[in-house]
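Participant: Let me begin by handing over the structure; questions about it come next.
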Amino acid sequence: MEGLANQDIDTIADLLLTAPSALERPPRVSLSPPSEGAVLVRGALGWRRILLSPGHRRVELLLSLKDGQTLRCRWLGDEPRGWSDWTAGTVLALVGELGEDDDGPVLYNAEPVGIDGRGSGLLASYGLEGVDDRALRSLIARCLSEELGHLEDWLPAGILEEQRLLPLDEALRDAHFPANGDGRGRVRLAYEELLTIQLGIAWRAGRGTGERGFAHKILHRGVGQLDSQHSITLNDGQEQAFNEIRRDLLRPRPMARLLQGDVGAGKGLVALMSAVMVAEAGGQVVIVAPDALAAERRFLHAEALLRSLGVVPLLVAGAPDHAAADALRRGEAHVVFGTGALLDPRIEWKRLGLVIAEERGPYGTVQRATLEGRSPRPDLLVVTRSPIPTSLVFTVFGDFDVSVVLAEGRLRTLCAVHPATERSAAYAHARNAVKAGRQAFVVFPVRDGRDLLGREDALRMAKALQADVLQGARVGVYSSEMPREERTRAFDDFHHRRIDVLVCTTFIEDAPAVANASVMVVEYADLHNLVRLHRLRGHVDAGNLPGHCDFVLSDDPSAEGLRVVEQVVSERDGFRLAEVDLEIRGNVALLGDRADEVPDLHWAEPARDRQLLLRARAEAFRLLGEDPGLRRSKTLQRAVLQRWGDWLDRHIAPDESRRATPADGRKADPTAVAAADSAGRRRRRRRRR
């Protein structure tokens, strides 16, 4: 077909694996009054005939509709697809435009629905430039008619049964000519796509090859002390994630796990308990923050808690000095807070057993490869401050296990947006909270990693607020430009209710939530990014009552800034907001230099198929655990290489000792591997949505 070559569709496999961009259901026919435009007709076949005359060929049939009316259908030229299988009484579905002749209404040149006219009424459209959808559907129907029953399904029957997936034949038929709207065919093909890419990434990364790590002795004294001394316990979602981490720590294979969840889900507590458990077993832990200031804030809020458990914390803001290096070498520091500089292979540790890396974008700053050269290799736990877009799981975290901390309930914080001219009204909730004995935050943006307000500016702003919109409130300041002791004292005063309102910047997101703080006023809200606004409002959702977040706009907000604020107000799910943030800021903002590594998926939609992705990932890792080099799974190996070989070569550096090729070197039959996109083509088509 003309135009297909321009879309890199050269084989039957290419054609059958071209995913529809949309499914449409035309309206049903109405004969009185007659419908206009394309309509769907369904009825039982009465008679059919082919009329021949010089230079003219006409195909006709009569349908008996459910309401008792009849309708003639007419084609000029060849018979419609499925014609040879139609007999009297066959119920057919046709889509076409109504016309009229001397004998009444006629449906002209209708397209049979489905492969042979016995479909559901859903029509797939493909959005390929220069390719007519009707002609493409006819070509796909013909190929399916010829190939169904002859395609090799490389997914084992056990996986199909366990995952409740359709066999390949049924999946392809349902994906292009669906019987209903449940999308089971697309789900099967999406699962297959997700499974093969994750198999390829983990295989190339050497997963399951027996790399030596620590088998930590699991003790529970520290965790028990957190409960008895500090009344700190894990909820069900946190406990599930902690159990997954604990199982990894027990194994001698080094852990590589991504821990994520929505704001307020308690990921930080799970990570801290993991650190306590490793330290208690005699290992050392390094907590890697994005920068020195973030490391300092983490240390200040965890130091007292760790010391109460007998765990010695240490802050190393940059490269360790002589004293710090000595403490690391001797094992005198149990949990060390710092930056990526602490992972320098020249730094000597007595027993570095766990690396906890906090990332907030660009992601992927700490990878398994960062720890190469250490034997045994430390376990790696990456914690994201908020959910990440699902597509990033294929790039920076392709060979990581994933733990998701599920929040116990929806975010309850109520949000409101105020123009700069209504600043006084924006502080009404804060004033009422203070009168009721509760507390509030006032947050200003950060620019280029520094506070937008300097220390003196922040103090003046606090005095101005106290004299105007927050009269009678005790107002304090928390600024990164203040000395460490002064910052610590300010937050401690706020935590112990000696301060009613804390004027701060977005750096406050690194601090623990304060249960009595129920209101947050975010100044210049349009200058913040979407995920940061979502994280901030989570700080006033920890108490017994729903919190309230007031977003105050700048004097002249941009259209993009307004859109960001409106998105946060209208959406409470952090996972969906992460996908929106990716659309707004793009891959470069979240991945940096790795932005071009996002794979081109055809059937799977990561934002929509998050649970399907996790299922496919678990199965991929299980398969590699049983057969690390895919040596006993030549069909899987061939499918991975055919579909993703080019992409893996470009983005996932293989260990040459593990790199595999198809077992027999033969080129696969393109029809036998309709489950594998031929020759690893990366088609990047614009689709109509």
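Each chain of the structure tokens is named A, B, ... in the order shown, its residues numbered from 1; ligands are numbered from 1 in display order.
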Each residue of range 363-419 of chain A with at least one atom at most 9 Å from range 233-252 of chain A should appear once, together with its nearest atom pair and the corresponding distance in Å (one decimal); atoms considered: only C-alpha atoms; ordering: chain, then increasing residue number; output as a Markdown table.
Facilitator:
| residue | atom | partner | partner_atom | distance |
| --- | --- | --- | --- | --- |
| A:Pro376 | CA | A:Pro252 | CA | 9.0 |
| A:Asp379 | CA | A:Leu249 | CA | 7.4 |
| A:Leu381 | CA | A:Ile245 | CA | 8.5 |
| A:Ser403 | CA | A:Ala241 | CA | 5.5 |
| A:Val404 | CA | A:Ala241 | CA | 6.6 |
| A:Val405 | CA | A:Gly237 | CA | 5.2 |
| A:Leu406 | CA | A:Gly237 | CA | 4.9 |
| A:Ala407 | CA | A:Gly237 | CA | 6.6 |
| A:Glu408 | CA | A:Gly237 | CA | 7.2 |
Participant: Write out as CSV the residues of range 148-177 of chain A that have any atom within 10 Å of an atom of range 625-645 of chain A, one row each with the nearest atom pair and its distance in Å to one decimal, counting only C-alpha atoms, sorted by chain and then rising number.
Facilitator:
residue,atom,partner,partner_atom,distance
A:Asp153,CA,A:Thr635,CA,9.7
A:Trp154,CA,A:Thr635,CA,6.4
A:Leu155,CA,A:Leu636,CA,8.0
A:Pro156,CA,A:Leu636,CA,9.6
Participant: Write out as number ranges by chain the set of residues from range 442-651 of chain A that DSSP, computed on the backbone, places in helix (DSSP H, G or I).
Facilitator: A: 455-467, 484-495, 506-510, 525-527, 530-540, 559-570, 574-597, 610-626, 634-651
Participant: CA of Arg455 in chain A to CA of Glu485 in chain A: how many Å, to one decimal?
Facilitator: 14.1 Å
Participant: Taking only residues of range 424-494 of chain A that have an atom at most 12 Å from an atom of range 532-535 of chain A, what is each one's shortest atom pair and its distance in Å to one decimal, using only C-alpha atoms, in chain and number order, as a Markdown table?
Facilitator:
| residue | atom | partner | partner_atom | distance |
| --- | --- | --- | --- | --- |
| A:Val443 | CA | A:Leu533 | CA | 10.4 |
| A:Phe444 | CA | A:Leu533 | CA | 11.3 |
| A:Pro445 | CA | A:Arg532 | CA | 9.9 |
| A:Val446 | CA | A:Arg532 | CA | 10.7 |
Participant: Show me, as number ranges by chain, the residues that have an atom within 10 Å of Leu530 in chain A when counting only C-alpha atoms, minus same-chain residues fewer than 6 positions from it.
Facilitator: A: 561, 563-568, 574, 577-578, 580-582, 584-585
Participant: Would you mind telling me which residue in A:Phe177, A:Trp47, A:Tyr191, A:Tyr363 lies nearest to Pro290 in chain A when using only C-alpha atoms?
Facilitator: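 For Pro290 in chain A, the nearest of the candidates is A:Tyr363.
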Participant: Looking only at strand (DSSP E or B) from DSSP on the backbone, list the matching residues of range 202-320 of chain A as a list of chain:residue names.
Facilitator: A:Gly213, A:Ala256, A:Arg257, A:Leu258, A:Leu259, A:Gln260, A:Gly261, A:Gln284, A:Val285, A:Val286, A:Ile287, A:Val288, A:Pro313, A:Leu314, A:Leu315
Participant: Print the selection's residues with N, CA and C atoms to a file, as a PDB file, in the first residue's frame.
Facilitator:
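Writing the result to selection.pdb gives the following:
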ATOM      1  N   GLY A 213      27.369  -9.693  47.109  1.00  0.00           N
ATOM      2  CA  GLY A 213      26.976  -8.572  47.960  1.00  0.00           C
ATOM      3  C   GLY A 213      27.020  -8.994  49.417  1.00  0.00           C
ATOM      4  N   ALA A 256      19.277  -3.670  44.298  1.00  0.00           N
ATOM      5  CA  ALA A 256      19.088  -2.438  43.521  1.00  0.00           C
ATOM      6  C   ALA A 256      17.588  -2.214  43.490  1.00  0.00           C
ATOM      7  N   ARG A 257      17.106  -1.313  44.328  1.00  0.00           N
ATOM      8  CA  ARG A 257      15.666  -1.141  44.502  1.00  0.00           C
ATOM      9  C   ARG A 257      15.299   0.336  44.474  1.00  0.00           C
ATOM     10  N   LEU A 258      14.203   0.626  43.773  1.00  0.00           N
ATOM     11  CA  LEU A 258      13.633   1.969  43.732  1.00  0.00           C
ATOM     12  C   LEU A 258      12.456   2.016  44.700  1.00  0.00           C
ATOM     13  N   LEU A 259      12.491   2.978  45.608  1.00  0.00           N
ATOM     14  CA  LEU A 259      11.407   3.158  46.581  1.00  0.00           C
ATOM     15  C   LEU A 259      10.684   4.448  46.249  1.00  0.00           C
ATOM     16  N   GLN A 260       9.424   4.329  45.904  1.00  0.00           N
ATOM     17  CA  GLN A 260       8.682   5.542  45.594  1.00  0.00           C
ATOM     18  C   GLN A 260       7.251   5.450  46.116  1.00  0.00           C
ATOM     19  N   GLY A 261       6.587   6.578  46.081  1.00  0.00           N
ATOM     20  CA  GLY A 261       5.222   6.682  46.571  1.00  0.00           C
ATOM     21  C   GLY A 261       4.813   8.132  46.550  1.00  0.00           C
ATOM     22  N   GLN A 284      27.819  -0.157  57.487  1.00  0.00           N
ATOM     23  CA  GLN A 284      27.757   1.302  57.401  1.00  0.00           C
ATOM     24  C   GLN A 284      26.783   1.696  56.290  1.00  0.00           C
ATOM     25  N   VAL A 285      26.171   2.849  56.483  1.00  0.00           N
ATOM     26  CA  VAL A 285      25.173   3.345  55.534  1.00  0.00           C
ATOM     27  C   VAL A 285      25.561   4.754  55.128  1.00  0.00           C
ATOM     28  N   VAL A 286      25.480   5.047  53.837  1.00  0.00           N
ATOM     29  CA  VAL A 286      25.661   6.420  53.371  1.00  0.00           C
ATOM     30  C   VAL A 286      24.356   6.878  52.741  1.00  0.00           C
ATOM     31  N   ILE A 287      23.874   8.029  53.198  1.00  0.00           N
ATOM     32  CA  ILE A 287      22.653   8.629  52.650  1.00  0.00           C
ATOM     33  C   ILE A 287      23.085   9.772  51.747  1.00  0.00           C
ATOM     34  N   VAL A 288      22.898   9.588  50.450  1.00  0.00           N
ATOM     35  CA  VAL A 288      23.369  10.527  49.437  1.00  0.00           C
ATOM     36  C   VAL A 288      22.236  11.484  49.082  1.00  0.00           C
ATOM     37  N   PRO A 313      25.579   8.981  63.819  1.00  0.00           N
ATOM     38  CA  PRO A 313      25.465   9.651  62.519  1.00  0.00           C
ATOM     39  C   PRO A 313      26.654  10.598  62.295  1.00  0.00           C
ATOM     40  N   LEU A 314      26.908  10.909  61.038  1.00  0.00           N
ATOM     41  CA  LEU A 314      27.994  11.832  60.694  1.00  0.00           C
ATOM     42  C   LEU A 314      27.580  12.610  59.457  1.00  0.00           C
ATOM     43  N   LEU A 315      27.804  13.924  59.477  1.00  0.00           N
ATOM     44  CA  LEU A 315      27.537  14.777  58.316  1.00  0.00           C
ATOM     45  C   LEU A 315      28.855  15.091  57.629  1.00  0.00           C
TER      46      LEU A 315
END
Participant: Counting only C-alpha atoms, which of A:Ile356, A:Ile140, A:Val59, A:Leu194 gets nearest to Ile9 in chain A?
Facilitator: A:Ile140
Participant: State, in Å with one decimal place, the distance from CA of Ser21 in chain A to CA of Ala124 in chain A.
Facilitator: 7.5 Å
